[in-house]
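Text of upload-v6.cif, listed as mmCIF, C-alpha atoms and all ligand atoms:
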```cif
data_my_file
loop_
_atom_site.label_atom_id
_atom_site.label_comp_id
_atom_site.auth_asym_id
_atom_site.auth_seq_id
_atom_site.Cartn_x
_atom_site.Cartn_y
_atom_site.Cartn_z
CA MET A 475 -134.74 -137.08 25.20
CA ARG A 476 -138.27 -135.73 25.59
CA GLN A 477 -139.59 -132.92 23.43
CA HIS A 478 -139.78 -129.73 25.52
CA VAL A 479 -143.14 -127.95 25.59
CA ASN A 480 -143.13 -124.27 24.63
CA PRO A 481 -144.91 -122.62 27.59
CA LEU A 482 -145.57 -119.48 25.53
CA SER A 483 -147.78 -121.37 23.06
CA LYS A 484 -151.35 -120.02 22.98
CA ASN A 485 -152.53 -123.59 23.76
CA PHE A 486 -151.88 -122.72 27.40
CA ASN A 487 -153.84 -119.44 27.48
CA GLU A 488 -156.95 -121.24 28.67
CA ILE A 489 -156.71 -122.20 32.33
CA GLU A 490 -158.57 -125.04 34.06
CA ARG A 491 -160.83 -124.07 36.93
CA ILE A 492 -159.15 -124.88 40.20
CA PRO A 493 -161.56 -125.87 42.98
CA SER A 494 -161.27 -124.23 46.41
CA LEU A 495 -158.81 -125.69 48.94
CA VAL A 496 -161.75 -127.06 50.93
CA GLU A 497 -162.91 -129.02 47.84
CA ILE A 498 -159.40 -130.19 46.96
CA PHE A 499 -157.98 -131.38 50.29
CA GLY A 500 -159.19 -133.52 53.18
CA ASP A 501 -157.99 -130.86 55.62
CA SER A 502 -157.63 -127.47 53.92
CA LYS A 503 -156.02 -125.94 57.01
CA LEU A 504 -152.75 -127.86 56.65
CA ASN A 505 -149.69 -125.97 55.35
CA LEU A 506 -149.64 -125.86 51.56
CA HIS A 507 -146.59 -126.57 49.39
CA LEU A 508 -146.50 -125.96 45.60
CA ASP A 509 -144.18 -127.88 43.29
CA ILE A 510 -143.86 -126.15 39.93
CA GLY A 511 -142.97 -128.33 36.94
CA CYS A 512 -143.69 -131.52 38.90
CA ALA A 513 -143.65 -133.86 35.84
CA ALA A 514 -145.50 -137.10 36.73
CA GLY A 515 -145.56 -136.05 40.39
CA GLU A 516 -143.61 -138.99 41.88
CA PHE A 517 -141.81 -136.64 44.28
CA LEU A 518 -145.16 -135.28 45.49
CA PHE A 519 -146.66 -138.76 45.87
CA ASP A 520 -143.68 -139.69 48.07
CA LEU A 521 -143.99 -136.47 50.09
CA ALA A 522 -147.76 -136.74 50.51
CA LEU A 523 -147.36 -140.21 52.04
CA VAL A 524 -144.32 -139.41 54.19
CA ASN A 525 -145.45 -136.01 55.48
CA THR A 526 -149.19 -136.10 55.95
CA SER A 527 -149.17 -132.84 57.91
CA TRP A 528 -148.80 -130.83 54.69
CA ASN A 529 -150.95 -130.43 51.59
CA TYR A 530 -149.22 -130.60 48.20
CA LEU A 531 -150.18 -129.09 44.87
CA GLY A 532 -148.23 -129.82 41.69
CA ILE A 533 -148.40 -127.79 38.49
CA GLU A 534 -147.24 -129.36 35.24
CA ILE A 535 -147.51 -128.29 31.60
CA ARG A 536 -147.64 -131.82 30.11
CA GLU A 537 -151.32 -132.73 30.17
CA ARG A 538 -150.93 -136.49 29.86
CA LEU A 539 -148.74 -136.59 32.98
CA VAL A 540 -151.29 -134.55 34.95
CA LYS A 541 -154.21 -136.77 33.84
CA THR A 542 -152.34 -139.90 34.96
CA ALA A 543 -151.31 -138.30 38.27
CA LYS A 544 -154.89 -137.20 38.98
CA LEU A 545 -156.16 -140.74 38.37
CA LYS A 546 -153.48 -142.14 40.69
CA VAL A 547 -154.54 -139.71 43.46
CA LEU A 548 -158.14 -140.97 43.13
CA GLU A 549 -157.14 -144.66 43.01
CA LYS A 550 -154.90 -144.32 46.06
CA ASP A 551 -157.47 -142.06 47.79
CA ILE A 552 -154.80 -139.51 48.78
CA LYS A 553 -156.37 -136.50 50.51
CA ASN A 554 -153.39 -134.15 50.70
CA LEU A 555 -152.34 -134.04 47.05
CA TYR A 556 -153.69 -132.28 43.95
CA PHE A 557 -152.42 -131.66 40.41
CA VAL A 558 -153.13 -128.81 38.01
CA PHE A 559 -152.39 -128.84 34.28
CA GLY A 560 -151.02 -125.78 32.47
CA ASN A 561 -148.30 -123.17 32.26
CA ALA A 562 -147.57 -122.29 35.90
CA ASN A 563 -146.87 -118.66 34.99
CA ASN A 564 -150.34 -118.24 33.45
CA ILE A 565 -152.05 -120.16 36.24
CA LEU A 566 -150.49 -118.27 39.12
CA ASN A 567 -150.96 -114.92 37.35
CA ASN A 568 -154.69 -115.51 37.03
CA VAL A 569 -157.10 -113.90 39.55
CA GLN A 570 -159.15 -117.09 39.95
CA SER A 571 -156.08 -118.92 41.29
CA LYS A 572 -154.71 -116.09 43.45
CA PHE A 573 -155.86 -118.01 46.54
CA ILE A 574 -153.22 -120.66 45.85
CA LEU A 575 -150.30 -118.28 46.32
CA GLU A 576 -152.01 -116.51 49.22
CA ASN A 577 -152.17 -119.86 51.04
CA ALA A 578 -148.83 -121.37 50.00
CA LYS A 579 -146.20 -121.68 52.72
CA SER A 580 -143.53 -122.82 50.28
CA ILE A 581 -142.83 -123.34 46.57
CA SER A 582 -140.25 -125.56 44.90
CA PHE A 583 -138.73 -125.24 41.43
CA ASN A 584 -136.85 -128.53 41.04
CA PHE A 585 -134.66 -128.87 37.98
CA PRO A 586 -136.71 -126.59 35.73
CA ASP A 587 -136.18 -126.80 31.97
CA PRO A 588 -132.98 -124.80 31.27
CA TRP A 589 -133.79 -123.41 27.79
CA PHE A 590 -130.11 -122.93 26.95
CA LYS A 591 -130.43 -120.57 23.97
CA LYS A 592 -130.57 -116.90 24.90
CA LYS A 593 -133.54 -116.31 22.59
CA HIS A 594 -135.44 -118.95 24.62
CA TYR A 595 -134.70 -117.49 28.06
CA LYS A 596 -138.22 -116.03 28.04
CA ARG A 597 -139.55 -119.61 28.17
CA ARG A 598 -137.84 -120.20 31.51
CA LEU A 599 -140.22 -120.57 34.44
CA ILE A 600 -138.59 -117.99 36.66
CA GLN A 601 -138.99 -114.49 35.19
CA PRO A 602 -138.88 -111.07 36.93
CA ASP A 603 -142.64 -110.55 36.38
CA PHE A 604 -143.40 -113.97 37.79
CA ILE A 605 -141.27 -113.29 40.88
CA ASN A 606 -143.18 -110.01 41.34
CA ILE A 607 -146.43 -111.98 41.30
CA LEU A 608 -145.02 -114.29 43.97
CA SER A 609 -143.80 -111.38 46.10
CA ASN A 610 -147.19 -109.63 45.81
CA SER A 611 -149.23 -112.67 46.83
CA LEU A 612 -147.15 -114.87 49.14
CA GLN A 613 -147.40 -114.34 52.88
CA LYS A 614 -144.44 -113.04 54.86
CA GLY A 615 -142.21 -115.98 55.84
CA SER A 616 -143.13 -118.11 52.81
CA LEU A 617 -140.20 -119.91 51.22
CA ILE A 618 -138.99 -120.48 47.65
CA PHE A 619 -136.70 -123.46 46.97
CA ILE A 620 -134.72 -123.66 43.72
CA LYS A 621 -132.58 -126.58 42.60
CA THR A 622 -130.81 -127.36 39.31
CA ASP A 623 -127.74 -129.05 37.85
CA VAL A 624 -127.27 -126.22 35.31
CA LYS A 625 -125.01 -123.52 36.78
CA ASP A 626 -126.04 -120.88 34.23
CA LEU A 627 -129.73 -121.48 35.01
CA PHE A 628 -129.01 -121.34 38.74
CA ASP A 629 -127.26 -117.96 38.40
CA TYR A 630 -130.16 -116.66 36.31
CA MET A 631 -132.80 -117.81 38.82
CA ASP A 632 -130.78 -116.64 41.82
CA CYS A 633 -130.22 -113.20 40.28
CA THR A 634 -133.91 -112.87 39.30
CA ILE A 635 -135.19 -113.80 42.77
CA SER A 636 -132.51 -111.83 44.68
CA SER A 637 -133.29 -108.72 42.59
CA ASN A 638 -136.74 -108.65 44.18
CA LEU A 639 -136.51 -106.62 47.40
CA TYR A 640 -138.97 -108.88 49.22
CA PHE A 641 -136.95 -112.09 48.96
CA ARG A 642 -133.89 -112.79 51.10
CA ASN A 643 -131.53 -115.72 50.66
CA ILE A 644 -131.38 -118.14 53.61
CA ASP A 645 -128.13 -119.95 54.39
CA ILE A 646 -128.95 -123.50 53.32
CA LYS A 647 -126.65 -124.95 56.03
CA ASP A 648 -128.86 -123.37 58.72
CA PHE A 649 -132.12 -124.56 57.20
CA ASN A 650 -134.11 -127.01 59.32
CA TYR A 651 -135.67 -129.41 56.81
CA SER A 652 -137.46 -131.37 59.52
CA LYS A 653 -139.91 -128.46 59.91
CA SER A 654 -140.42 -128.02 56.17
CA PHE A 655 -142.56 -129.65 53.46
CA ASN A 656 -139.74 -132.17 52.95
CA PRO A 657 -138.72 -133.42 56.42
CA ASN A 658 -137.00 -136.53 55.07
CA LYS A 659 -135.17 -134.69 52.28
CA LEU A 660 -136.74 -136.86 49.59
CA LYS A 661 -135.32 -136.52 46.07
CA THR A 662 -137.06 -135.79 42.77
CA ASN A 663 -136.60 -138.12 39.78
CA ARG A 664 -134.27 -135.69 38.05
CA GLU A 665 -132.27 -135.26 41.25
CA LYS A 666 -131.79 -139.04 41.59
CA LEU A 667 -130.45 -139.15 38.01
CA VAL A 668 -128.13 -136.21 38.65
CA ILE A 669 -126.77 -137.93 41.78
CA VAL A 670 -126.19 -141.22 39.92
CA ASN A 671 -124.31 -139.28 37.23
CA LYS A 672 -122.29 -137.46 39.94
CA LEU A 673 -123.20 -134.02 38.59
CA ASP A 674 -123.20 -130.88 40.73
CA ILE A 675 -126.43 -129.64 42.26
CA PHE A 676 -126.93 -125.90 42.78
CA GLU A 677 -129.64 -124.89 45.21
CA SER A 678 -130.93 -121.96 47.24
CA ILE A 679 -133.76 -121.07 49.59
CA TYR A 680 -135.37 -117.60 49.82
CA ILE A 681 -137.74 -116.19 52.41
CA LYS A 682 -140.42 -113.59 51.73
CA THR A 683 -139.76 -110.68 54.09
C1 LIG B 701 -136.59 -131.22 33.87
S1 LIG B 701 -138.23 -131.57 34.35
C2 LIG B 701 -138.05 -131.74 36.12
C3 LIG B 701 -139.18 -132.52 36.73
C4 LIG B 701 -139.14 -132.66 38.26
N1 LIG B 701 -139.32 -131.38 38.91
C5 LIG B 701 -137.88 -133.33 38.74
O1 LIG B 701 -137.07 -132.65 39.42
O2 LIG B 701 -137.71 -134.54 38.46
C6 LIG B 701 -139.06 -129.98 34.23
C7 LIG B 701 -140.57 -130.12 34.24
O3 LIG B 701 -141.17 -128.82 34.23
C8 LIG B 701 -142.28 -128.83 33.34
N2 LIG B 701 -142.52 -127.44 32.92
C9 LIG B 701 -141.74 -126.70 32.11
N3 LIG B 701 -142.25 -125.46 31.96
C10 LIG B 701 -143.39 -125.41 32.71
C11 LIG B 701 -144.36 -124.41 32.96
N4 LIG B 701 -144.25 -123.19 32.42
N5 LIG B 701 -145.39 -124.69 33.79
C12 LIG B 701 -145.50 -125.93 34.34
N6 LIG B 701 -144.61 -126.93 34.14
C13 LIG B 701 -143.57 -126.67 33.33
C14 LIG B 701 -141.82 -129.76 32.22
O4 LIG B 701 -142.88 -130.26 31.44
C15 LIG B 701 -141.12 -130.86 33.02
O5 LIG B 701 -142.01 -131.86 33.45
#
```
What would you get if you wrote out this structure as structure tokens?
Ligand SMILES: C[S@@+](CC[C@H](N)C(=O)[O-])C[C@H]1O[C@@H](n2cnc3c(N)ncnc32)[C@H](O)[C@@H]1O
Amino acid sequence: MRQHVNPLSKNFNEIERIPSLVEIFGDSKLNLHLDIGCAAGEFLFDLALVNTSWNYLGIEIRERLVKTAKLKVLEKDIKNLYFVFGNANNILNNVQSKFILENAKSISFNFPDPWFKKKHYKRRLIQPDFINILSNSLQKGSLIFIKTDVKDLFDYMDCTISSNLYFRNIDIKDFNYSKSFNPNKLKTNREKLVIVNKLDIFESIYIKT
């Protein structure tokens, strides 16, 4: 069991400078997908190689994982993938990184830390204020994907996102993955483990209206 990082620690108040999309990506005009809480980024490495018509940006609070992922991007010379270290809530709430949300076509929250105790709910990634930031900055038509094996966390995230008037739930059965950031429906590491252990997966997709 890994030690969970407290995202509210003041260690994360300082935010790294994020270069412009033109500096980050080989082709900054490609659709941009954000993966929040991407861990070591394996899912994004797979996506970046399989679907080269999208750019991918991962945000992760564990610095060592981000350093290793950044080195791997350089070694493999991947032009459509970038990683940012820090608390995603602080990063995306900061004016200097507003351009990321303004350009994102979709965002995924895959198996976020559940923080089971009620007094720790405020450490959860998805919070009403955070969803307001997303609704204020994302373009119309942008998508949010959530996925977890914790029913209580799913209900909490679903209720928080659905309470925002600008997000509407899409029927997942009608969703055409082949046109999305994940055309081959690749799985994250946590998802593979959940499938092996035959646990339930709860997921939803929302569109910004
Ligand atoms: C349970 S893991 C899931 C990793 C990956 N998404 C997957 O599905 O395999 C949750 C990840 O979110 C990261 N995380 C938690 N809170 C975060 C925050 N506020 N900002 C960025 N990353 C965060 C954790 O460090 C961890 O790597």
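For the choices A:Arg597, A:Asn568, A:Ile574, A:Thr542, the atom-to-atom distance to Ser502 in chain A is smallest for A:Ile574 when using only C-alpha atoms.
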Pro493 in chain A proximity check over A:Ser654, A:Asn525, A:Gln570, A:Asn577, using only C-alpha atoms: winner is A:Gln570
Show me which residues sit within 10 Å of ligand LIG 701 (chain B) when counting only C-alpha atoms and all ligand atoms, and put them as a PyMOL selection string.
chain A and resi 476-482+486+509-518+532-537+539-540+558-566+582-589+597-600+621-623+661-668
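You can rank A:Tyr530, A:Asn610, A:Asn485, A:Lys553 by their closest distance to Gly500 in chain A using all atoms listed in the file, and at the top of that list sits A:Lys553.
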For a quick check of your reading of the model, name the residues lying within 8 Å of the coordinate (-145.3, -112.9, 49.4), counting only C-alpha atoms, and write them as an NGL selection string.
:A and (575-576 or 608-616 or 640 or 682-683)
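Nearest to Leu508 in chain A of all the residues A:Leu523, A:Val547, A:Phe655, A:Asn638 is A:Phe655, counting all atoms listed in the file.
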With distances taken over all atoms listed in the file, which residue among A:Val670, A:Met631, A:Ala522, A:Ile679 lies nearest Asn643 in chain A?
A:Ile679
Provide the CA of Leu639 in chain A to CA of Ile620 in chain A distance in Å, to one decimal place.
17.5 Å
Min atom-atom distance to Lys592 in chain A from the set A:Tyr630, A:Phe676, A:Phe519, A:Phe557, counting only C-alpha atoms, belongs to A:Tyr630
Separation of CA of Asp674 in chain A from CA of Ile581 in chain A in Å
21.8 Å
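Computed from the coordinates, the CA of Asp632 in chain A to CA of Ile644 in chain A distance equals 11.9 Å.
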